[in-house]
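Just my_file19.cif here, mmCIF, C-alpha atoms:
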```
data_start
loop_
_atom_site.label_atom_id
_atom_site.label_comp_id
_atom_site.auth_asym_id
_atom_site.auth_seq_id
_atom_site.Cartn_x
_atom_site.Cartn_y
_atom_site.Cartn_z
CA MET G 12 46.84 98.90 127.71
CA THR G 13 47.78 101.25 130.53
CA THR G 14 51.10 102.60 131.64
CA ALA G 15 52.58 103.13 135.09
CA PHE G 16 53.96 106.58 134.29
CA ASN G 17 52.88 109.69 136.09
CA GLY G 18 53.98 113.28 135.64
CA SER G 19 56.36 113.35 138.59
CA GLN G 20 59.28 111.19 137.60
CA PHE G 21 62.53 112.54 136.13
CA ALA G 22 62.37 112.83 132.34
CA TYR G 23 65.23 112.91 129.83
CA GLY G 24 63.15 115.21 127.59
CA PRO G 25 59.61 116.39 126.71
CA ARG G 26 56.59 114.42 127.91
CA VAL G 27 53.98 113.38 125.37
CA ASP G 28 50.38 113.88 126.48
CA LEU G 29 48.96 110.35 126.51
CA GLN G 30 45.33 111.45 126.75
CA ASN G 31 43.28 110.55 123.68
CA LEU G 32 46.22 108.78 122.03
CA GLN G 33 45.04 105.74 120.12
CA ASP G 34 46.88 102.42 120.36
CA LEU G 35 48.06 101.36 116.91
CA TYR G 36 48.47 97.65 116.27
CA ALA G 37 49.10 95.61 113.11
CA PRO G 38 48.04 95.99 110.38
CA GLN G 39 48.75 99.66 109.72
CA SER G 40 49.64 101.46 106.53
CA VAL G 41 52.31 104.12 106.90
CA GLU G 42 52.69 106.89 104.33
CA PRO G 43 56.35 107.70 103.58
CA PHE G 44 57.49 111.34 103.91
CA THR G 45 54.18 112.28 105.60
CA PRO G 46 53.69 113.66 109.14
CA PRO G 47 51.36 111.10 110.75
CA PRO G 48 48.50 111.66 113.19
CA PRO G 49 49.60 111.06 116.80
CA GLY G 50 49.23 107.65 118.39
CA ILE G 51 50.89 104.86 120.30
CA ASP G 52 52.95 102.59 118.06
CA ASN G 53 53.11 98.96 119.14
CA LEU G 54 56.19 97.65 117.36
CA GLY G 55 58.45 94.64 117.43
CA ILE G 56 62.11 95.20 118.24
CA THR G 57 65.34 93.24 118.24
CA SER G 58 68.63 94.23 119.84
CA THR G 59 72.13 92.85 120.25
CA ASP G 60 73.71 94.14 123.44
CA THR G 61 77.19 93.59 124.82
CA PHE G 62 77.77 93.77 128.57
CA PHE G 63 80.95 93.88 130.59
CA VAL G 64 80.77 92.64 134.17
CA PRO G 65 83.95 93.29 136.19
CA GLY G 66 85.58 89.99 137.11
CA LYS G 67 83.27 88.05 134.78
CA GLY G 68 84.17 89.46 131.38
CA GLU G 69 82.24 90.59 128.34
CA PHE G 70 79.29 88.80 126.78
CA THR G 71 76.83 89.51 123.99
CA VAL G 72 73.12 88.74 124.05
CA ASN G 73 70.43 88.85 121.35
CA PHE G 74 67.10 90.27 122.49
CA LYS G 75 63.64 90.19 120.95
CA GLY G 76 60.44 91.82 122.09
CA TYR G 77 58.24 94.86 121.70
CA VAL G 78 58.08 98.56 122.42
CA ARG G 79 55.14 100.93 122.84
CA VAL G 80 56.03 104.42 121.65
CA ALA G 81 53.74 107.41 122.24
CA ARG G 82 54.04 109.95 119.42
CA SER G 83 53.00 113.62 119.62
CA LYS G 84 51.07 115.53 117.00
CA PRO G 85 53.66 116.72 114.42
CA THR G 86 54.59 120.37 114.94
CA THR G 87 53.72 121.20 111.29
CA ASP G 88 51.84 119.64 108.37
CA GLN G 89 54.93 119.54 106.13
CA TRP G 90 57.35 116.64 106.29
CA VAL G 91 60.35 118.92 105.71
CA ASP G 92 60.16 120.86 108.99
CA SER G 93 57.78 118.90 111.20
CA GLU G 94 59.06 117.56 114.50
CA VAL G 95 57.57 114.70 116.45
CA TYR G 96 58.25 113.99 120.13
CA THR G 97 58.16 110.47 121.49
CA ASN G 98 57.95 108.72 124.86
CA LEU G 99 58.85 105.08 125.22
CA ILE G 100 56.01 104.04 127.54
CA GLU G 101 56.58 100.30 127.57
CA MET G 102 59.27 97.85 126.52
CA CYS G 103 59.77 94.15 126.98
CA MET G 104 62.67 92.30 125.40
CA ARG G 105 63.96 88.88 126.29
CA GLY G 106 67.35 87.35 125.65
CA LEU G 107 69.22 84.22 126.67
CA SER G 108 72.87 84.40 127.61
CA SER G 109 74.94 81.23 127.79
CA GLU G 110 76.91 82.94 130.58
CA VAL G 111 74.17 84.29 132.86
CA GLY G 112 70.91 82.76 131.59
CA PRO G 113 67.78 84.72 130.67
CA ILE G 114 67.83 88.53 130.66
CA ILE G 115 64.62 90.57 130.57
CA VAL G 116 64.81 94.22 129.52
CA THR G 117 62.02 96.59 130.54
CA LEU G 118 61.78 100.30 131.33
CA ASN G 119 62.95 101.91 134.55
CA PRO G 120 59.64 103.41 135.78
CA GLU G 121 61.47 106.13 137.71
CA VAL G 122 62.82 107.92 134.63
CA LEU G 123 60.82 108.75 131.53
CA SER G 124 62.45 107.66 128.25
CA THR G 125 62.00 110.41 125.67
CA GLY G 126 62.93 111.07 122.08
CA MET G 127 62.24 113.00 118.93
CA LEU G 128 62.19 112.84 115.14
CA ARG G 129 63.41 115.85 113.23
CA THR G 130 65.08 116.89 110.00
CA PRO G 131 68.83 117.40 110.55
CA HIS G 132 69.26 121.16 110.38
CA LYS G 133 71.69 120.84 107.48
CA ASP G 134 68.89 119.23 105.44
CA LEU G 135 66.10 121.73 106.12
CA GLN G 136 66.49 123.11 102.58
CA CYS G 137 66.03 119.70 100.94
CA GLU G 138 62.74 118.97 99.24
CA GLN G 139 62.15 115.58 100.84
CA PRO G 140 64.84 115.05 103.47
CA ASP G 141 65.36 111.94 105.55
CA LYS G 142 64.66 112.52 109.21
CA ALA G 143 66.77 111.56 112.22
CA CYS G 144 65.27 109.73 115.17
CA ARG G 145 66.75 109.68 118.68
CA MET G 146 65.56 108.32 121.99
CA ALA G 147 67.10 108.52 125.47
CA VAL G 148 66.21 105.31 127.27
CA ALA G 149 66.07 104.44 130.97
CA ALA G 150 66.12 100.65 131.12
CA LYS G 151 66.14 97.80 133.58
CA PHE G 152 67.98 94.54 132.86
CA GLU G 153 66.77 91.67 135.05
CA ILE G 154 69.09 88.67 135.33
CA PRO G 155 67.14 86.19 137.50
CA LYS G 156 69.92 83.55 137.64
CA LEU G 157 72.25 86.10 139.29
CA GLY G 158 69.46 87.67 141.38
CA LEU G 159 70.59 90.93 139.79
CA THR G 160 68.73 93.83 138.21
CA LEU G 161 70.83 96.43 136.42
CA ILE G 162 69.70 100.00 135.80
CA ASN G 163 71.30 102.80 133.79
CA LYS G 164 71.33 106.36 135.15
CA GLU G 165 72.81 108.06 132.10
CA PRO G 166 70.42 107.43 129.21
CA ILE G 167 71.05 104.78 126.60
CA GLU G 168 70.91 106.90 123.45
CA LEU G 169 69.30 105.05 120.55
CA THR G 170 69.42 106.62 117.10
CA ILE G 171 67.97 105.81 113.70
CA ASP G 172 69.13 107.84 110.72
CA ASN G 173 67.68 108.05 107.21
CA VAL G 174 64.11 107.87 108.44
CA LYS G 175 61.69 107.99 105.49
CA ALA G 176 58.47 107.25 107.39
CA ILE G 177 57.13 107.68 110.92
CA PRO G 178 57.31 105.33 112.72
CA PRO G 179 60.64 104.08 111.25
CA ALA G 180 59.41 100.48 111.34
CA GLY G 181 61.94 98.00 110.02
CA ALA G 182 64.89 100.38 110.29
CA PRO G 183 68.22 99.47 111.92
CA GLY G 184 69.58 101.71 114.68
CA GLU G 185 72.55 102.20 116.95
CA GLY G 186 73.11 102.65 120.65
CA ARG G 187 75.49 105.60 120.85
CA ILE G 188 77.77 104.27 123.56
CA TYR G 189 81.26 105.68 123.83
CA GLU G 190 83.28 102.75 125.22
CA ILE G 191 81.11 102.14 128.31
CA LEU G 192 77.77 103.05 129.81
CA PRO G 193 77.61 102.35 133.57
CA LEU G 194 74.86 100.08 134.93
CA PHE G 195 73.92 99.99 138.61
CA ASP G 196 72.65 97.23 140.88
CA ARG G 197 69.03 98.04 141.81
CA ASP G 198 69.80 96.85 145.35
CA ASN G 199 72.80 99.18 145.63
CA MET G 200 71.90 102.18 143.49
CA GLU G 201 74.29 104.46 145.40
CA GLY G 202 77.21 102.08 144.93
CA PRO G 203 79.75 101.89 142.11
CA PRO G 204 78.71 100.57 138.68
CA ALA G 205 77.98 96.82 138.83
CA ALA G 206 78.36 96.34 135.09
CA TYR G 207 78.63 98.24 131.83
CA LEU G 208 76.89 98.24 128.50
CA THR G 209 79.66 98.34 125.90
CA SER G 210 77.73 98.16 122.64
CA LEU G 211 74.17 98.02 121.34
CA HIS G 212 72.77 97.54 117.85
CA PHE G 213 69.05 97.33 117.32
CA ALA G 214 66.38 97.12 114.66
CA MET G 215 62.94 98.58 115.02
CA GLY G 216 60.33 96.05 113.90
CA THR G 217 56.98 96.54 112.25
CA TYR G 218 53.56 96.85 113.91
CA ILE G 219 52.46 93.84 115.95
CA THR G 220 48.98 92.78 117.01
CA GLU G 221 47.67 93.18 120.54
CA ALA G 222 47.66 89.38 120.88
CA GLN G 223 51.33 89.18 119.87
CA LEU G 224 52.20 91.88 122.39
CA ASP G 225 50.29 90.14 125.17
CA ASN G 226 52.05 86.87 124.34
CA ILE G 227 55.51 88.42 124.67
CA ALA G 228 54.56 90.20 127.91
CA ALA G 229 53.16 87.01 129.43
CA GLU G 230 56.04 84.69 128.47
CA MET O 14 84.38 127.01 149.22
CA THR O 15 80.97 125.43 149.70
CA THR O 16 78.63 123.76 147.28
CA ALA O 17 74.86 123.90 146.87
CA PHE O 18 74.47 120.16 146.43
CA ASN O 19 72.46 118.00 148.75
CA GLY O 20 71.78 114.28 148.66
CA SER O 21 68.29 114.55 147.18
CA GLN O 22 68.77 115.69 143.62
CA PHE O 23 68.84 113.36 140.65
CA ALA O 24 72.34 112.02 139.95
CA TYR O 25 73.76 110.64 136.70
CA GLY O 26 76.02 108.30 138.73
CA PRO O 27 77.65 107.68 142.15
CA ARG O 28 77.89 110.50 144.68
CA VAL O 29 81.29 111.29 146.18
CA ASP O 30 81.25 111.92 149.93
CA LEU O 31 82.42 115.51 150.25
CA GLN O 32 83.09 115.34 153.99
CA ASN O 33 86.76 115.72 154.87
CA LEU O 34 87.76 116.30 151.24
CA GLN O 35 90.55 118.85 151.01
CA ASP O 36 90.44 121.63 148.41
CA LEU O 37 93.50 121.38 146.18
CA TYR O 38 94.75 124.59 144.57
CA ALA O 39 97.93 125.45 142.64
CA PRO O 40 100.71 124.56 143.05
CA GLN O 41 100.32 120.78 143.28
CA SER O 42 102.61 118.00 142.20
CA VAL O 43 100.86 115.06 140.56
CA GLU O 44 102.56 111.65 140.37
CA PRO O 45 101.93 109.91 137.04
CA PHE O 46 100.50 106.36 137.11
CA THR O 47 99.75 106.65 140.84
CA PRO O 48 96.34 106.48 142.55
CA PRO O 49 96.13 109.83 144.37
CA PRO O 50 94.64 110.61 147.80
CA PRO O 51 91.07 111.96 147.48
CA GLY O 52 90.43 115.68 147.25
CA ILE O 53 88.74 118.47 145.37
CA ASP O 54 90.65 119.54 142.27
CA ASN O 55 90.38 123.21 141.35
CA LEU O 56 91.34 123.26 137.70
CA GLY O 57 91.23 125.60 134.76
CA ILE O 58 89.22 124.54 131.73
CA THR O 59 88.64 125.70 128.16
CA SER O 60 85.93 124.51 125.79
CA THR O 61 84.75 125.20 122.26
CA ASP O 62 81.04 124.54 121.94
CA THR O 63 78.80 124.73 118.90
CA PHE O 64 75.10 125.49 119.32
CA PHE O 65 72.22 125.30 116.91
CA VAL O 66 69.21 127.52 117.59
CA PRO O 67 66.21 126.81 115.32
CA GLY O 68 65.55 129.81 113.12
CA LYS O 69 68.84 131.44 114.12
CA GLY O 70 71.43 128.97 112.86
CA GLU O 71 74.61 127.46 114.20
CA PHE O 72 77.35 129.32 116.07
CA THR O 73 80.55 128.38 117.86
CA VAL O 74 81.80 129.90 121.10
CA ASN O 75 85.12 129.61 122.97
CA PHE O 76 84.78 129.30 126.74
CA LYS O 77 87.31 129.66 129.53
CA GLY O 78 86.90 129.18 133.27
CA TYR O 79 87.29 126.67 136.06
CA VAL O 80 85.88 123.44 137.44
CA ARG O 81 85.91 121.97 140.93
CA VAL O 82 85.99 118.18 140.82
CA ALA O 83 85.53 116.04 143.93
CA ARG O 84 87.51 112.80 143.68
CA SER O 85 86.86 109.66 145.74
CA LYS O 86 89.48 107.51 147.44
CA PRO O 87 90.80 105.13 144.74
CA THR O 88 89.27 101.66 145.05
CA THR O 89 92.74 100.02 145.19
CA ASP O 90 96.36 101.04 145.80
CA GLN O 91 97.49 99.86 142.36
CA TRP O 92 97.20 102.09 139.32
CA VAL O 93 96.35 99.17 137.04
CA ASP O 94 92.97 98.32 138.58
CA SER O 95 92.07 101.29 140.76
CA GLU O 96 88.89 103.23 140.00
CA VAL O 97 88.16 106.77 141.05
CA TYR O 98 84.68 108.34 141.12
CA THR O 99 84.20 112.04 140.53
CA ASN O 100 81.51 114.66 141.04
CA LEU O 101 81.65 117.99 139.28
CA ILE O 102 80.61 120.23 142.18
CA GLU O 103 81.20 123.62 140.59
CA MET O 104 81.87 125.03 137.14
CA CYS O 105 82.08 128.53 135.73
CA MET O 106 83.03 129.19 132.13
CA ARG O 107 82.53 132.38 130.18
CA GLY O 108 82.41 132.89 126.45
CA LEU O 109 81.55 135.70 124.07
CA SER O 110 79.51 135.03 120.96
CA SER O 111 79.37 137.62 118.19
CA GLU O 112 75.82 136.37 117.53
CA VAL O 113 74.26 136.35 121.01
CA GLY O 114 76.77 138.11 123.27
CA PRO O 115 78.17 136.68 126.52
CA ILE O 116 77.36 133.10 127.56
CA ILE O 117 78.00 131.85 131.08
CA VAL O 118 78.14 128.10 131.70
CA THR O 119 77.56 126.77 135.21
CA LEU O 120 76.11 123.57 136.69
CA ASN O 121 72.43 122.73 136.85
CA PRO O 122 71.99 122.38 140.64
CA GLU O 123 69.06 120.00 140.18
CA VAL O 124 71.12 117.17 138.70
CA LEU O 125 74.44 115.93 140.03
CA SER O 126 77.19 115.67 137.40
CA THR O 127 79.14 112.46 137.97
CA GLY O 128 82.06 110.64 136.43
CA MET O 129 84.78 108.07 136.83
CA LEU O 130 88.34 107.16 135.91
CA ARG O 131 89.09 103.54 135.17
CA THR O 132 91.33 101.30 133.14
CA PRO O 133 89.56 100.18 129.95
CA HIS O 134 88.79 96.53 130.56
CA LYS O 135 90.79 95.48 127.51
CA ASP O 136 93.90 96.99 129.14
CA LEU O 137 93.58 95.45 132.61
CA GLN O 138 96.45 93.06 131.78
CA CYS O 139 98.84 95.86 130.85
CA GLU O 140 101.58 96.77 133.28
CA GLN O 141 101.01 100.51 133.24
CA PRO O 142 97.85 101.20 131.24
CA ASP O 143 96.43 104.59 130.38
CA LYS O 144 93.13 105.24 132.09
CA ALA O 145 89.89 106.56 130.59
CA CYS O 146 88.02 109.42 132.19
CA ARG O 147 84.32 110.14 131.66
CA MET O 148 81.90 112.62 133.19
CA ALA O 149 78.15 113.11 132.66
CA VAL O 150 77.45 116.80 133.02
CA ALA O 151 74.24 118.70 133.81
CA ALA O 152 74.89 122.26 132.71
CA LYS O 153 73.20 125.62 132.49
CA PHE O 154 73.98 128.09 129.67
CA GLU O 155 72.95 131.64 130.50
CA ILE O 156 72.60 134.04 127.57
CA PRO O 157 71.73 137.39 129.20
CA LYS O 158 71.30 139.29 125.91
CA LEU O 159 68.51 136.88 124.88
CA GLY O 160 67.09 136.62 128.41
CA LEU O 161 67.52 132.88 127.93
CA THR O 162 68.96 130.11 130.08
CA LEU O 163 69.41 126.71 128.44
CA ILE O 164 69.57 123.44 130.35
CA ASN O 165 70.35 119.92 129.18
CA LYS O 166 68.33 116.97 130.48
CA GLU O 167 70.34 114.20 128.84
CA PRO O 168 73.89 114.47 130.19
CA ILE O 169 76.68 116.08 128.21
CA GLU O 170 79.19 113.23 128.17
CA LEU O 171 82.77 114.47 128.43
CA THR O 172 85.60 112.00 127.93
CA ILE O 173 89.37 112.10 128.21
CA ASP O 174 91.34 109.10 126.98
CA ASN O 175 95.00 108.21 127.51
CA VAL O 176 95.00 109.48 131.07
CA LYS O 177 98.46 109.05 132.63
CA ALA O 178 97.85 110.96 135.87
CA ILE O 179 94.91 111.85 138.12
CA PRO O 180 93.66 114.52 137.69
CA PRO O 181 94.27 114.57 133.92
CA ALA O 182 95.33 118.22 134.04
CA GLY O 183 96.29 119.64 130.67
CA ALA O 184 94.62 116.85 128.68
CA PRO O 185 92.28 117.46 125.73
CA GLY O 186 88.84 115.86 125.77
CA GLU O 187 85.70 115.43 123.72
CA GLY O 188 82.00 115.94 124.24
CA ARG O 189 80.45 112.73 122.92
CA ILE O 190 77.52 114.26 121.10
CA TYR O 191 75.89 112.28 118.34
CA GLU O 192 74.59 114.99 115.97
CA ILE O 193 72.54 116.91 118.56
CA LEU O 194 71.99 117.18 122.29
CA PRO O 195 68.69 118.93 123.15
CA LEU O 196 68.76 122.03 125.38
CA PHE O 197 65.65 123.36 127.12
CA ASP O 198 64.54 126.86 128.07
CA ARG O 199 64.63 127.12 131.87
CA ASP O 200 61.37 129.07 131.69
CA ASN O 201 59.69 126.33 129.65
CA MET O 202 61.31 123.12 130.82
CA GLU O 203 58.32 121.02 129.72
CA GLY O 204 58.35 122.51 126.23
CA PRO O 205 60.21 121.35 123.12
CA PRO O 206 64.00 121.83 122.86
CA ALA O 207 64.88 125.52 122.52
CA ALA O 208 68.35 124.83 121.11
CA TYR O 209 70.87 122.07 120.59
CA LEU O 210 74.49 121.49 121.40
CA THR O 211 76.02 120.07 118.23
CA SER O 212 79.69 119.71 119.16
CA LEU O 213 82.01 120.23 122.10
CA HIS O 214 85.79 119.98 122.41
CA PHE O 215 87.46 120.83 125.68
CA ALA O 216 90.80 120.82 127.43
CA MET O 217 91.24 120.30 131.14
CA GLY O 218 93.60 122.90 132.55
CA THR O 219 96.07 122.68 135.39
CA TYR O 220 95.53 123.59 139.06
CA ILE O 221 94.63 127.21 139.72
CA THR O 222 94.96 129.25 142.90
CA GLU O 223 92.01 130.15 145.09
CA ALA O 224 92.50 133.80 144.10
CA GLN O 225 92.34 132.92 140.39
CA LEU O 226 89.15 130.94 140.98
CA ASP O 227 87.54 133.75 142.93
CA ASN O 228 88.47 136.19 140.17
CA ILE O 229 86.75 134.12 137.49
CA ALA O 230 83.67 133.57 139.69
CA ALA O 231 83.37 137.29 140.43
CA GLU O 232 83.84 138.57 136.86
#
```
Reformat the file's structure so that it appears as structure tokens.
Amino acid sequence: MTTAFNGSQFAYGPRVDLQNLQDLYAPQSVEPFTPPPPGIDNLGITSTDTFFVPGKGEFTVNFKGYVRVARSKPTTDQWVDSEVYTNLIEMCMRGLSSEVGPIIVTLNPEVLSTGMLRTPHKDLQCEQPDKACRMAVAAKFEIPKLGLTLINKEPIELTIDNVKAIPPAGAPGEGRIYEILPLFDRDNMEGPPAAYLTSLHFAMGTYITEAQLDNIAAE
Amino acid sequence: MTTAFNGSQFAYGPRVDLQNLQDLYAPQSVEPFTPPPPGIDNLGITSTDTFFVPGKGEFTVNFKGYVRVARSKPTTDQWVDSEVYTNLIEMCMRGLSSEVGPIIVTLNPEVLSTGMLRTPHKDLQCEQPDKACRMAVAAKFEIPKLGLTLINKEPIELTIDNVKAIPPAGAPGEGRIYEILPLFDRDNMEGPPAAYLTSLHFAMGTYITEAQLDNIAAE
């Protein structure tokens, strides 16, 4: 698999060097409380997103798909203080809204989605602390029936707490949206917000196979 | 007053056209529940920010200074449904930390800080609803004693609820930080986070005079 990213686009945080990173597909065994070797995690994902479109109201859509997450080499060999940086290098989720039809969520290639896993600083004295995972995401929501593609400029902040293994496969997470997150019409990016994301709950899935990933991408 | 912004830098949201916008200084009379003519608000501001620096711990600093906020023409003449877009075009706040000495907060000129005031969509049927104000801020924290300047890449999201007049002078607000917001060393922007913002509470002040603003800027 390749990725369209280059080093020149705006980034919400640190870039992960993709050179020599191995693609990890199912099956994989993940050691809990152990800093893992770097790699690219190919994981399933589900998400339930609520949108508000002015004049059209609020509607909620269930999405299912995959993500490809590049992970850096952990900064130390010990779980307690090691940090891992992540880049979301590919995403494809599909949902069906009874109001607006199919919605396809992918990454905005103009902004790099970045994240990290770290021990909350209050827990650095614990023997085997849970880690916290956060990711700032630049997404693209295509709604073919409306001829509309929506893009966020402020990141969608996704968090997973109580992380006991890296990657946190199977863990539920939250989109940290305070009331609204503005979304812009790709054909009028300098205009006012065309819609808003008002809530997001997600669950990171487990490793998928390359064939499963290709099937979702090709749907 | 002029501003260093041009149309080419990354923006967290819509740009406000600064041409023909009048600078508004104290004294001003603000009509509650009334969409105001556009302008540039010169307002006092105070903020209490908590930082975490790995290896050095957490410390809290009180800041005081001013902001200059460009406001667009309201989208309608009625308070109930009018929206106003804002750009933070200048900021200067100073604080003194017993741990690291003086800290000066200004804007990161490479990213445009943008915001909006709108009626929460659940309240659009109310006769005279409160509005909600939000701003995505790209800041720069200079710490001369450490020779360090910290910059956020994900926006610092500032919100003020229960807004009964525009501008919401005198209103308290919150930085919507979930646990941590990464800050980067200006001299190592591609490196890992150098520090984190862990909480922020602020209060928008009232209009100040041009002389007061110049005094703060020149300190």
Report summary line: Among O:Lys166, O:Lys135, O:Arg147, O:Lys177, chain G is approached most closely, using only C-alpha atoms, by O:Lys166
Report task. Return the neighbours of chain O among the residues of chain G, cut-off 6 Å, counting all atoms listed in the file, as a VMD selection string. Result -> chain G and resid 23 25 164 to 165 201
Query raised in the report: Mind telling me what the PyMOL selection byres ((chain G and resi 111-124) around 9) catches here, as a ChimeraX atom specification?
Result: /G:15-16,19-24,26,72,74,76,97-110,125-126,146-157,162-164,166
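Between atom CA of Gly55 of chain G and atom CA of Ile227 of chain G the separation is 10.0 Å.
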Report task. Pick out the residues sitting within 12 Å of Ile221 of chain O, and hand them over as a PyMOL selection string; count all atoms listed in the file, and ignore anything fewer than 4 positions along from it in its own chain. Result -> chain O and resi 36-41+53-58+78-81+182-183+217+225-229
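Interatomic distance, atom CA of Pro46 of chain G against atom CA of Tyr209 of chain O: 22.3 Å.
Across the model, the gap from atom CA of Thr61 of chain O to atom CA of Asn75 of chain O is 4.5 Å.
Closest approach to Pro49 of chain O among O:Asn33, O:Thr73, O:Thr63, O:Gln91: O:Gln91, based on all atoms listed in the file.
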Requested in this report: May I have the residues within 6 Å of Thr59 of chain O as a PyMOL selection string, using only C-alpha atoms and disregarding those fewer than 6 positions away in the same chain?
Outcome: chain O and resi 76-77+215-216
